[in-house]
file protein-v9.cif (mmCIF, C-alpha atoms)
data_model
#
loop_
_atom_site.label_atom_id
_atom_site.label_comp_id
_atom_site.auth_asym_id
_atom_site.auth_seq_id
_atom_site.Cartn_x
_atom_site.Cartn_y
_atom_site.Cartn_z
CA MET A 27 -0.44 -18.45 105.55
CA GLY A 28 1.73 -15.40 105.07
CA PHE A 29 2.31 -11.98 103.58
CA ALA A 30 4.40 -11.64 100.43
CA HIS A 31 6.53 -8.50 100.33
CA GLY A 32 9.86 -7.52 98.84
CA GLY A 33 10.74 -10.99 97.66
CA LYS A 34 10.15 -12.51 101.09
CA LEU A 35 7.28 -14.28 102.86
CA TYR A 36 6.28 -13.42 106.43
CA ARG A 37 4.05 -15.55 108.65
CA VAL A 38 0.84 -13.67 109.36
CA GLN A 39 1.01 -14.71 113.03
CA ASP A 40 4.53 -13.28 113.45
CA VAL A 41 3.56 -9.92 111.95
CA GLU A 42 0.40 -9.66 114.05
CA ARG A 43 2.29 -10.52 117.25
CA ALA A 44 4.94 -7.87 116.55
CA LEU A 45 2.39 -5.17 115.82
CA SER A 46 -0.20 -5.96 118.49
CA GLY A 47 2.05 -7.19 121.28
CA ARG A 48 -0.02 -10.32 121.79
CA ASP A 49 -0.46 -13.74 120.26
CA SER A 50 -2.29 -13.78 116.95
CA SER A 51 -6.00 -14.55 117.03
CA LEU A 52 -5.27 -16.69 113.98
CA SER A 53 -3.55 -19.16 116.32
CA ASN A 54 -6.96 -20.27 117.57
CA VAL A 55 -7.66 -21.93 114.22
CA GLU A 56 -4.10 -22.70 113.12
CA GLY A 57 -3.92 -26.04 111.35
CA GLN A 58 -7.60 -25.87 110.40
CA TRP A 59 -7.25 -24.53 106.88
CA GLN A 60 -10.89 -23.65 106.24
CA GLY A 61 -11.12 -21.97 109.62
CA MET A 62 -7.98 -19.93 108.87
CA VAL A 63 -9.35 -18.84 105.51
CA GLU A 64 -12.68 -17.75 106.94
CA HIS A 65 -10.99 -15.99 109.88
CA VAL A 66 -8.69 -13.94 107.65
CA PHE A 67 -11.47 -13.05 105.20
CA GLN A 68 -13.87 -12.07 107.98
CA ASN A 69 -11.18 -9.81 109.46
CA ALA A 70 -9.83 -8.57 106.14
CA GLY A 71 -9.50 -4.94 107.23
CA ARG A 72 -7.27 -5.84 110.17
CA TYR A 73 -4.98 -8.08 108.13
CA GLU A 74 -4.73 -5.54 105.33
CA HIS A 75 -3.65 -3.02 107.98
CA TYR A 76 -0.96 -5.43 109.19
CA TYR A 77 0.28 -5.85 105.63
CA SER A 78 0.41 -2.06 105.15
CA GLU A 79 2.49 -1.74 108.31
CA LEU A 80 4.80 -4.50 107.09
CA ALA A 81 5.24 -2.75 103.75
CA ALA A 82 5.96 0.54 105.55
CA GLY A 83 8.72 -1.13 107.56
CA GLY A 84 7.71 -0.12 111.08
CA ALA A 85 10.45 -0.40 113.72
CA GLN A 86 8.49 -2.93 115.78
CA LEU A 87 8.71 -5.35 112.86
CA SER A 88 12.50 -5.62 113.10
CA VAL A 89 12.05 -8.85 115.09
CA VAL A 90 10.02 -10.51 112.29
CA GLU A 91 12.07 -12.75 110.05
CA GLY A 92 10.96 -13.46 106.52
CA VAL A 93 12.02 -16.32 104.28
CA ASP A 94 13.14 -15.96 100.70
CA ALA A 95 10.08 -16.41 98.46
CA ASP A 96 12.06 -18.56 96.04
CA SER A 97 13.06 -21.02 98.77
CA VAL A 98 9.60 -22.33 99.62
CA VAL A 99 7.41 -24.97 98.00
CA TYR A 100 4.12 -23.37 97.01
CA GLU A 101 0.78 -25.06 97.42
CA PRO A 102 -2.33 -23.67 95.71
CA PRO A 103 -3.32 -20.60 97.78
CA ILE A 104 -6.76 -22.07 98.59
CA SER A 105 -7.30 -25.55 99.98
CA TYR A 106 -9.01 -28.61 98.56
CA LYS A 107 -12.16 -27.89 100.58
CA ASN A 108 -13.06 -24.88 98.44
CA LYS A 109 -14.72 -24.81 95.03
CA LEU A 110 -13.00 -23.70 91.83
CA LEU A 111 -15.77 -22.85 89.37
CA CYS A 112 -14.60 -21.95 85.87
CA VAL A 113 -16.56 -19.66 83.59
CA GLY A 114 -16.11 -20.66 79.95
CA LYS A 115 -16.48 -18.80 76.68
CA ASN A 116 -16.03 -15.39 78.29
CA TYR A 117 -13.90 -13.55 75.70
CA ALA A 118 -15.18 -12.87 72.18
CA THR A 119 -11.76 -13.58 70.67
CA HIS A 120 -11.60 -16.98 72.38
CA LEU A 121 -15.16 -17.78 71.31
CA GLU A 122 -14.06 -17.29 67.71
CA GLU A 123 -11.06 -19.60 68.25
CA LEU A 124 -13.32 -22.29 69.68
CA ARG A 125 -15.84 -21.94 66.84
CA ARG A 126 -13.16 -22.11 64.17
CA THR A 127 -11.55 -25.24 65.66
CA ASP A 128 -14.78 -27.20 66.31
CA LEU A 129 -14.48 -26.76 70.07
CA ILE A 130 -17.86 -25.13 70.52
CA LYS A 131 -21.35 -25.91 69.24
CA GLU A 132 -23.37 -23.04 70.68
CA LEU A 133 -22.94 -19.39 71.61
CA PRO A 134 -23.86 -18.84 75.28
CA THR A 135 -26.58 -16.37 76.21
CA GLU A 136 -25.69 -16.46 79.94
CA PRO A 137 -22.62 -17.42 82.00
CA THR A 138 -21.67 -21.05 81.54
CA GLY A 139 -18.92 -23.10 83.07
CA PHE A 140 -17.38 -26.25 84.50
CA VAL A 141 -15.53 -27.33 87.64
CA LYS A 142 -11.84 -27.92 88.18
CA ILE A 143 -11.59 -30.87 90.59
CA HIS A 144 -9.13 -30.61 93.44
CA ASP A 145 -6.84 -33.35 92.13
CA SER A 146 -6.07 -31.09 89.18
CA LEU A 147 -4.71 -28.22 91.28
CA ALA A 148 -1.00 -27.43 91.53
CA GLY A 149 1.03 -24.60 93.00
CA HIS A 150 3.44 -22.02 91.64
CA ASN A 151 6.68 -23.49 90.27
CA ALA A 152 5.26 -27.02 90.26
CA THR A 153 6.28 -29.49 87.56
CA ILE A 154 3.30 -30.84 85.58
CA SER A 155 3.46 -34.26 83.95
CA LYS A 156 1.98 -34.39 80.45
CA PRO A 157 0.04 -37.68 80.21
CA PRO A 158 1.40 -39.96 77.47
CA SER A 159 -1.95 -39.93 75.67
CA VAL A 160 -1.97 -36.13 75.34
CA SER A 161 -0.42 -34.54 72.26
CA GLN A 162 -2.25 -31.18 72.22
CA LEU A 163 -1.64 -29.64 75.64
CA ASP A 164 -2.73 -26.00 75.66
CA TYR A 165 -2.32 -23.07 78.04
CA GLU A 166 -5.11 -20.75 79.25
CA PRO A 167 -4.16 -17.93 81.66
CA GLU A 168 -7.23 -16.79 83.61
CA LEU A 169 -8.11 -14.14 86.16
CA VAL A 170 -9.60 -15.74 89.31
CA PHE A 171 -11.81 -14.01 91.89
CA VAL A 172 -11.52 -15.40 95.44
CA LEU A 173 -14.56 -14.96 97.66
CA GLY A 174 -14.22 -13.64 101.20
CA LYS A 175 -17.93 -13.87 101.91
CA GLY A 176 -20.32 -16.63 100.91
CA GLY A 177 -24.05 -16.80 100.39
CA MET A 178 -26.83 -17.55 97.96
CA ASN A 179 -28.96 -15.29 95.77
CA ILE A 180 -26.22 -12.68 95.62
CA THR A 181 -27.33 -9.55 93.77
CA GLU A 182 -25.29 -7.92 91.03
CA GLU A 183 -25.22 -4.71 93.06
CA SER A 184 -23.65 -6.41 96.11
CA ALA A 185 -21.41 -8.91 94.29
CA LEU A 186 -18.10 -7.13 94.81
CA GLU A 187 -18.75 -7.05 98.56
CA HIS A 188 -18.27 -10.84 98.45
CA VAL A 189 -14.86 -10.73 96.73
CA PHE A 190 -11.70 -10.78 98.85
CA GLY A 191 -9.09 -10.76 96.12
CA ILE A 192 -7.63 -12.05 92.89
CA THR A 193 -5.29 -14.85 91.92
CA LEU A 194 -4.28 -16.55 88.67
CA LEU A 195 -5.03 -19.92 87.02
CA ASN A 196 -3.43 -21.69 84.09
CA ASP A 197 -6.37 -23.79 82.86
CA LEU A 198 -4.30 -26.46 81.12
CA THR A 199 -6.39 -28.31 78.54
CA CYS A 200 -6.06 -31.45 76.43
CA ARG A 201 -7.50 -30.20 73.14
CA GLU A 202 -7.97 -33.55 71.39
CA THR A 203 -10.04 -34.83 74.33
CA GLN A 204 -11.97 -31.57 74.54
CA ARG A 205 -12.88 -31.83 70.85
CA LYS A 206 -14.21 -35.38 71.31
CA GLU A 207 -16.25 -34.31 74.32
CA VAL A 208 -17.80 -31.41 72.41
CA GLN A 209 -18.63 -33.66 69.46
CA SER A 210 -20.33 -36.18 71.77
CA GLY A 211 -22.40 -33.42 73.38
CA THR A 212 -20.77 -33.63 76.82
CA ARG A 213 -19.07 -30.84 78.75
CA PHE A 214 -15.28 -30.89 78.70
CA TRP A 215 -14.52 -32.38 82.11
CA THR A 216 -11.71 -34.84 81.55
CA ALA A 217 -9.91 -32.51 79.12
CA LYS A 218 -9.46 -30.04 81.98
CA ASN A 219 -8.89 -32.26 85.01
CA ALA A 220 -5.79 -34.41 84.69
CA PRO A 221 -3.46 -34.18 87.72
CA GLY A 222 -1.71 -30.81 87.71
CA PHE A 223 -3.93 -29.29 85.00
CA GLY A 224 -4.90 -26.45 87.37
CA PRO A 225 -1.81 -24.47 88.43
CA LEU A 226 -3.05 -21.72 90.75
CA GLY A 227 -1.39 -18.78 92.48
CA PRO A 228 1.21 -17.95 93.49
CA CYS A 229 -0.76 -15.90 96.04
CA ILE A 230 -3.91 -13.80 96.47
CA VAL A 231 -3.91 -10.03 95.97
CA SER A 232 -6.62 -8.35 98.06
CA MET A 233 -9.14 -6.11 96.30
CA SER A 234 -7.93 -3.14 98.36
CA GLU A 235 -4.76 -3.22 96.25
CA ILE A 236 -6.59 -3.37 92.91
CA LYS A 237 -7.77 -0.17 91.26
CA ASP A 238 -9.91 -1.87 88.60
CA PRO A 239 -10.14 -5.64 88.03
CA TYR A 240 -11.36 -4.90 84.51
CA ASP A 241 -8.26 -3.05 83.43
CA LEU A 242 -5.61 -5.71 83.96
CA TRP A 243 -3.28 -7.25 81.38
CA VAL A 244 -3.23 -11.07 81.45
CA SER A 245 -0.32 -12.63 79.58
CA CYS A 246 1.29 -16.00 78.93
CA SER A 247 4.79 -16.83 77.78
CA VAL A 248 6.44 -20.15 76.99
CA ASN A 249 10.21 -20.44 77.41
CA GLY A 250 10.41 -16.66 77.60
CA GLU A 251 8.44 -16.06 74.38
CA GLU A 252 5.21 -14.10 74.91
CA ARG A 253 2.30 -15.97 73.34
CA MET A 254 -0.61 -13.72 74.37
CA ARG A 255 -1.44 -10.49 76.21
CA VAL A 256 -5.08 -9.47 76.67
CA ASN A 257 -6.89 -6.90 78.84
CA THR A 258 -9.62 -8.11 81.21
CA ARG A 259 -11.94 -5.35 79.95
CA GLU A 260 -12.72 -7.73 77.07
CA GLN A 261 -14.58 -10.18 79.32
CA ILE A 262 -18.22 -10.69 78.32
CA TRP A 263 -19.57 -11.62 81.77
CA LYS A 264 -18.25 -9.60 84.72
CA ILE A 265 -18.02 -10.96 88.28
CA SER A 266 -21.27 -9.25 89.32
CA LYS A 267 -23.26 -11.17 86.69
CA ILE A 268 -21.31 -14.38 87.36
CA LEU A 269 -21.99 -14.40 91.11
CA ALA A 270 -25.64 -13.48 90.68
CA HIS A 271 -26.08 -16.26 88.10
CA PHE A 272 -24.43 -19.14 89.93
CA SER A 273 -25.51 -18.26 93.48
CA ARG A 274 -29.15 -18.79 92.54
CA LEU A 275 -28.59 -22.51 93.14
CA VAL A 276 -24.99 -22.96 94.33
CA CYS A 277 -24.18 -22.22 97.98
CA LEU A 278 -20.95 -20.22 98.01
CA ARG A 279 -18.45 -20.13 100.88
CA PRO A 280 -15.44 -17.98 101.82
CA GLY A 281 -12.48 -19.22 99.81
CA ASP A 282 -14.53 -20.39 96.83
CA MET A 283 -13.13 -19.18 93.51
CA PHE A 284 -14.43 -18.17 90.09
CA SER A 285 -12.01 -18.38 87.20
CA THR A 286 -13.24 -16.02 84.51
CA GLY A 287 -12.24 -17.61 81.23
CA ALA A 288 -9.39 -17.77 78.76
CA PRO A 289 -8.58 -14.84 76.48
CA GLY A 290 -7.96 -15.25 72.77
CA GLY A 291 -4.48 -16.30 71.73
CA VAL A 292 -4.26 -19.89 72.98
CA ALA A 293 -2.26 -22.38 70.93
CA VAL A 294 -5.21 -24.19 69.37
CA GLY A 295 -6.40 -21.00 67.68
CA GLN A 296 -3.15 -20.37 65.81
CA ALA A 297 -2.23 -21.54 62.31
CA ASN A 298 0.93 -23.21 63.67
CA SER A 299 -0.80 -24.72 66.69
CA GLU A 300 1.08 -28.04 66.55
CA ALA A 301 4.34 -26.19 67.10
CA LEU A 302 2.86 -24.20 70.00
CA PHE A 303 1.27 -26.95 72.08
CA LEU A 304 3.18 -27.55 75.32
CA LYS A 305 5.90 -30.20 75.33
CA PRO A 306 8.15 -31.75 77.98
CA GLY A 307 10.88 -29.28 78.89
CA ASP A 308 8.69 -26.19 78.42
CA THR A 309 8.36 -23.54 81.12
CA VAL A 310 5.05 -21.66 81.15
CA THR A 311 4.62 -18.28 82.84
CA CYS A 312 1.17 -16.75 83.28
CA SER A 313 1.18 -13.17 84.57
CA ILE A 314 -0.88 -10.21 85.65
CA GLY A 315 1.87 -7.62 85.57
CA GLU A 316 0.09 -4.82 87.40
CA LEU A 317 -0.46 -7.10 90.41
CA GLY A 318 2.98 -8.70 90.42
CA LEU A 319 1.45 -12.14 89.87
CA ASP A 320 3.73 -14.52 88.00
CA LEU A 321 2.62 -18.16 87.98
CA VAL A 322 5.44 -20.38 86.70
CA ASN A 323 5.16 -24.08 85.89
CA HIS A 324 7.32 -26.66 84.18
CA ILE A 325 6.16 -29.41 81.81
CA ARG A 326 7.71 -32.84 81.80
#

call {"tool": "encode", "arguments": {"input": "protein-v9.cif", "output": "C-alpha cells"}}
result
Amino acid sequence: MGFAHGGKLYRVQDVERALSGRDSSLSNVEGQWQGMVEHVFQNAGRYEHYYSELAAGGAQLSVVEGVDADSVVYEPPISYKNKLLCVGKNYATHLEELRRTDLIKELPTEPTGFVKIHDSLAGHNATISKPPSVSQLDYEPELVFVLGKGGMNITEESALEHVFGITLLNDLTCRETQRKEVQSGTRFWTAKNAPGFGPLGPCIVSMSEIKDPYDLWVSCSVNGEERMRVNTREQIWKISKILAHFSRLVCLRPGDMFSTGAPGGVAVGQANSEALFLKPGDTVTCSIGELGLDLVNHIR
C-alpha cells in the first residue's frame, strides 16, 4: 500500500515514519489486507495529510525512497475480499446502443446491476487472454466509487460520507455471450466474468482531491486511437441513489466498490463493430484525465 506521486510510489509506512518520527500504526495490521484497508479508510484524514506533505516535499521526507511507478507489477487496488458491484444501463447513450443491438429487453426504472467475481479482476498493465471462443470482445471504461465506510440502509443525503475515493474499471465483455444470455432471460454473468475481464486501477484517488465526480471525462483508446470520451454528468443514477438502493438489503463494507456503468461509444454500438472489437495484440487505455488515472492493458 503506497502513495503515488511524481511518477514514483512511496510506502505509506515509510512516509508516516518520516513525518511522525515513530513506527507507522499501519504496521499493526500489515499483511492483513482487509485490516489495512479499513485502517487507512478509518483514518483517511491523517493519511491524506501525509500525502499532502509528501507532495509538498518536506525536508524530513528526504530519507524516504520511492520506486519508479513503471517498475512495479500492479495488483487490483482492492483485494479479493471486497465486493465489486456493477451498475448497468446507467448512460442514456449506452442504453440506446444496447436496445439497437438486442442486448437489452427492458428499460430500468431503478438502479440495476451485476457482480464482477474476483477471478475476473486484473491490475494495471496486465495482459488479458482472449478466450478462443470469444470473437466479440468489447471495452467499457467505467468510473468506480470505493467505499471507506460500510453500512446498511444508507440514505441519499449521507451517501457521499461513505465514499473514500474513485478508481477505474474496464468492464471487458463478450458480446456474443451477452446477447445469448439476454435472449434466454438471464443476467449477463458469464459474458462479464472470464479471467482478466475486470482490469481495475491503477490506484485510488481520494475524494478530497476530486472537485466534482460528476464532471469528469472518461475515455478509452485502442492502440493510441481514441474510441470514446464521455462526461460522467450523463449518468442516470448517481452514487447517492445507488448506495441507498443497494444498501437496503446488501451489507456494505469498507473497500467495497460500485462501478457506475459504461458510457455510449463501445464497439458493439458502432456500424463497423467487427473491426473495433478487441483482438490479440491490442493495447487498451481507459482514462480519467482530470484525475491522472490511466489504466492500460494488453490483449493476447

call {"tool": "resolve_selection", "arguments": {"input": "protein-v9.cif", "expression": "the PyMOL selection byres ((chain A and resi 313) around 8)", "output": "list in words"}}
result
Pro167, Leu194, Val244, Ser245, Cys246, Thr311, Cys312, Ile314, Gly315, Gly318, Leu319, Asp320 and Leu321 of chain A

call {"tool": "residues_around", "arguments": {"input": "protein-v9.cif", "residues": "region 54-64 of chain A", "least_positions_apart": "2", "cutoff": "9 Å", "atoms": "only C-alpha atoms", "output": "PDB file with C-alpha atoms, in the frame of the given file"}}
result
ATOM      1  CA  MET A  27      -0.440 -18.450 105.550  1.00  0.00           C
ATOM      2  CA  SER A  50      -2.290 -13.780 116.950  1.00  0.00           C
ATOM      3  CA  SER A  51      -6.000 -14.550 117.030  1.00  0.00           C
ATOM      4  CA  LEU A  52      -5.270 -16.690 113.980  1.00  0.00           C
ATOM      5  CA  VAL A  66      -8.690 -13.940 107.650  1.00  0.00           C
ATOM      6  CA  PHE A  67     -11.470 -13.050 105.200  1.00  0.00           C
ATOM      7  CA  GLN A  68     -13.870 -12.070 107.980  1.00  0.00           C
ATOM      8  CA  ASN A  69     -11.180  -9.810 109.460  1.00  0.00           C
ATOM      9  CA  ILE A 104      -6.760 -22.070  98.590  1.00  0.00           C
ATOM     10  CA  SER A 105      -7.300 -25.550  99.980  1.00  0.00           C
ATOM     11  CA  LYS A 107     -12.160 -27.890 100.580  1.00  0.00           C
ATOM     12  CA  ASN A 108     -13.060 -24.880  98.440  1.00  0.00           C
ATOM     13  CA  GLY A 174     -14.220 -13.640 101.200  1.00  0.00           C
ATOM     14  CA  LYS A 175     -17.930 -13.870 101.910  1.00  0.00           C
ATOM     15  CA  ARG A 279     -18.450 -20.130 100.880  1.00  0.00           C
ATOM     16  CA  PRO A 280     -15.440 -17.980 101.820  1.00  0.00           C
ATOM     17  CA  GLY A 281     -12.480 -19.220  99.810  1.00  0.00           C
TER      18      GLY A 281
END

call {"tool": "atom_distance", "arguments": {"input": "protein-v9.cif", "atom1": "CA of Glu235 (chain A)", "atom2": "CA of Glu168 (chain A)"}}
result
18.7 Å

call {"tool": "residues_around", "arguments": {"input": "protein-v9.cif", "residues": "Asp145 (chain A)", "least_positions_apart": "3", "cutoff": "12 Å", "atoms": "all atoms listed in the file", "output": "list in words"}}
result
Pro102, Ser105, Tyr106, Lys107, Lys109, Leu110, Val141, Lys142, Ala148, Gly149, Thr216, Lys218, Asn219, Ala220, Pro221, Gly222, Phe223, Gly224 and Pro225 of chain A

call {"tool": "write_last_selection", "arguments": {"input": "protein-v9.cif", "atoms": "C-alpha atoms", "output": "PDB file, in the coordinates of the input"}}
result
ATOM      1  CA  PRO A 102      -2.330 -23.670  95.710  1.00  0.00           C
ATOM      2  CA  SER A 105      -7.300 -25.550  99.980  1.00  0.00           C
ATOM      3  CA  TYR A 106      -9.010 -28.610  98.560  1.00  0.00           C
ATOM      4  CA  LYS A 107     -12.160 -27.890 100.580  1.00  0.00           C
ATOM      5  CA  LYS A 109     -14.720 -24.810  95.030  1.00  0.00           C
ATOM      6  CA  LEU A 110     -13.000 -23.700  91.830  1.00  0.00           C
ATOM      7  CA  VAL A 141     -15.530 -27.330  87.640  1.00  0.00           C
ATOM      8  CA  LYS A 142     -11.840 -27.920  88.180  1.00  0.00           C
ATOM      9  CA  ALA A 148      -1.000 -27.430  91.530  1.00  0.00           C
ATOM     10  CA  GLY A 149       1.030 -24.600  93.000  1.00  0.00           C
ATOM     11  CA  THR A 216     -11.710 -34.840  81.550  1.00  0.00           C
ATOM     12  CA  LYS A 218      -9.460 -30.040  81.980  1.00  0.00           C
ATOM     13  CA  ASN A 219      -8.890 -32.260  85.010  1.00  0.00           C
ATOM     14  CA  ALA A 220      -5.790 -34.410  84.690  1.00  0.00           C
ATOM     15  CA  PRO A 221      -3.460 -34.180  87.720  1.00  0.00           C
ATOM     16  CA  GLY A 222      -1.710 -30.810  87.710  1.00  0.00           C
ATOM     17  CA  PHE A 223      -3.930 -29.290  85.000  1.00  0.00           C
ATOM     18  CA  GLY A 224      -4.900 -26.450  87.370  1.00  0.00           C
ATOM     19  CA  PRO A 225      -1.810 -24.470  88.430  1.00  0.00           C
TER      20      PRO A 225
END

call {"tool": "atom_distance", "arguments": {"input": "protein-v9.cif", "atom1": "CA of Asp96 (chain A)", "atom2": "CA of Val322 (chain A)"}}
result
11.6 Å

call {"tool": "residues_around", "arguments": {"input": "protein-v9.cif", "residues": "Ala301 (chain A)", "least_positions_apart": "2", "cutoff": "12 Å", "atoms": "all atoms listed in the file", "output": "PDB file with C-alpha atoms, keeping the file's coordinate frame"}}
result
ATOM      1  CA  SER A 161      -0.420 -34.540  72.260  1.00  0.00           C
ATOM      2  CA  GLN A 162      -2.250 -31.180  72.220  1.00  0.00           C
ATOM      3  CA  LEU A 163      -1.640 -29.640  75.640  1.00  0.00           C
ATOM      4  CA  ASP A 164      -2.730 -26.000  75.660  1.00  0.00           C
ATOM      5  CA  VAL A 248       6.440 -20.150  76.990  1.00  0.00           C
ATOM      6  CA  ALA A 293      -2.260 -22.380  70.930  1.00  0.00           C
ATOM      7  CA  VAL A 294      -5.210 -24.190  69.370  1.00  0.00           C
ATOM      8  CA  GLY A 295      -6.400 -21.000  67.680  1.00  0.00           C
ATOM      9  CA  GLN A 296      -3.150 -20.370  65.810  1.00  0.00           C
ATOM     10  CA  ALA A 297      -2.230 -21.540  62.310  1.00  0.00           C
ATOM     11  CA  ASN A 298       0.930 -23.210  63.670  1.00  0.00           C
ATOM     12  CA  SER A 299      -0.800 -24.720  66.690  1.00  0.00           C
ATOM     13  CA  PHE A 303       1.270 -26.950  72.080  1.00  0.00           C
ATOM     14  CA  LEU A 304       3.180 -27.550  75.320  1.00  0.00           C
ATOM     15  CA  LYS A 305       5.900 -30.200  75.330  1.00  0.00           C
TER      16      LYS A 305
END

call {"tool": "resolve_selection", "arguments": {"input": "protein-v9.cif", "expression": "the PyMOL selection byres ((chain A and resi 137) around 8)", "output": "list in words"}}
result
Val113, Gly114, Asn116, Pro134, Thr135, Glu136, Thr138, Gly139, Trp263, Lys267, Ile268 and His271 of chain A

call {"tool": "residues_around", "arguments": {"input": "protein-v9.cif", "residues": "region 83-86 of chain A", "least_positions_apart": "2", "cutoff": "10 Å", "atoms": "all atoms listed in the file", "output": "MDAnalysis selection string"}}
result
chainID A and resid 41 43:47 77:81 88:90

call {"tool": "decode", "arguments": {"input": "protein-v9.cif", "residues": "region 275-287 of chain A", "atoms": "N, CA, C and O atoms", "output": "PDB file, in the first residue's frame"}}
result
ATOM      1  N   LEU A 275     -30.618  -4.014   1.267  1.00  0.00           N
ATOM      2  CA  LEU A 275     -30.506  -5.445   1.538  1.00  0.00           C
ATOM      3  C   LEU A 275     -29.064  -5.944   1.598  1.00  0.00           C
ATOM      4  O   LEU A 275     -28.806  -6.985   2.189  1.00  0.00           O
ATOM      5  N   VAL A 276     -28.148  -5.237   0.949  1.00  0.00           N
ATOM      6  CA  VAL A 276     -26.756  -5.679   0.881  1.00  0.00           C
ATOM      7  C   VAL A 276     -25.954  -4.965   1.966  1.00  0.00           C
ATOM      8  O   VAL A 276     -25.978  -3.734   2.063  1.00  0.00           O
ATOM      9  N   CYS A 277     -25.238  -5.746   2.778  1.00  0.00           N
ATOM     10  CA  CYS A 277     -24.372  -5.172   3.807  1.00  0.00           C
ATOM     11  C   CYS A 277     -23.059  -4.738   3.159  1.00  0.00           C
ATOM     12  O   CYS A 277     -22.335  -5.560   2.592  1.00  0.00           O
ATOM     13  N   LEU A 278     -22.761  -3.465   3.228  1.00  0.00           N
ATOM     14  CA  LEU A 278     -21.568  -2.915   2.582  1.00  0.00           C
ATOM     15  C   LEU A 278     -20.446  -2.749   3.598  1.00  0.00           C
ATOM     16  O   LEU A 278     -20.689  -2.467   4.773  1.00  0.00           O
ATOM     17  N   ARG A 279     -19.202  -2.921   3.108  1.00  0.00           N
ATOM     18  CA  ARG A 279     -18.030  -2.846   3.974  1.00  0.00           C
ATOM     19  C   ARG A 279     -17.023  -1.883   3.390  1.00  0.00           C
ATOM     20  O   ARG A 279     -17.027  -1.625   2.167  1.00  0.00           O
ATOM     21  N   PRO A 280     -16.095  -1.348   4.214  1.00  0.00           N
ATOM     22  CA  PRO A 280     -15.016  -0.526   3.660  1.00  0.00           C
ATOM     23  C   PRO A 280     -14.242  -1.311   2.600  1.00  0.00           C
ATOM     24  O   PRO A 280     -13.899  -2.476   2.805  1.00  0.00           O
ATOM     25  N   GLY A 281     -13.991  -0.678   1.487  1.00  0.00           N
ATOM     26  CA  GLY A 281     -13.292  -1.335   0.388  1.00  0.00           C
ATOM     27  C   GLY A 281     -14.211  -1.894  -0.678  1.00  0.00           C
ATOM     28  O   GLY A 281     -13.751  -2.241  -1.775  1.00  0.00           O
ATOM     29  N   ASP A 282     -15.511  -2.007  -0.384  1.00  0.00           N
ATOM     30  CA  ASP A 282     -16.445  -2.417  -1.430  1.00  0.00           C
ATOM     31  C   ASP A 282     -16.518  -1.335  -2.502  1.00  0.00           C
ATOM     32  O   ASP A 282     -16.306  -0.142  -2.231  1.00  0.00           O
ATOM     33  N   MET A 283     -16.845  -1.741  -3.722  1.00  0.00           N
ATOM     34  CA  MET A 283     -16.800  -0.826  -4.858  1.00  0.00           C
ATOM     35  C   MET A 283     -18.091  -0.875  -5.657  1.00  0.00           C
ATOM     36  O   MET A 283     -18.708  -1.937  -5.782  1.00  0.00           O
ATOM     37  N   PHE A 284     -18.461   0.272  -6.222  1.00  0.00           N
ATOM     38  CA  PHE A 284     -19.576   0.354  -7.155  1.00  0.00           C
ATOM     39  C   PHE A 284     -19.065   0.933  -8.463  1.00  0.00           C
ATOM     40  O   PHE A 284     -18.670   2.098  -8.528  1.00  0.00           O
ATOM     41  N   SER A 285     -19.072   0.099  -9.498  1.00  0.00           N
ATOM     42  CA  SER A 285     -18.782   0.592 -10.838  1.00  0.00           C
ATOM     43  C   SER A 285     -20.076   1.135 -11.428  1.00  0.00           C
ATOM     44  O   SER A 285     -21.146   0.533 -11.276  1.00  0.00           O
ATOM     45  N   THR A 286     -19.990   2.300 -12.085  1.00  0.00           N
ATOM     46  CA  THR A 286     -21.213   3.054 -12.371  1.00  0.00           C
ATOM     47  C   THR A 286     -21.648   3.042 -13.830  1.00  0.00           C
ATOM     48  O   THR A 286     -22.391   3.911 -14.259  1.00  0.00           O
ATOM     49  N   GLY A 287     -21.223   2.034 -14.580  1.00  0.00           N
ATOM     50  CA  GLY A 287     -21.796   1.840 -15.903  1.00  0.00           C
ATOM     51  C   GLY A 287     -20.949   2.359 -17.047  1.00  0.00           C
ATOM     52  O   GLY A 287     -20.146   3.281 -16.893  1.00  0.00           O
TER      53      GLY A 287
END
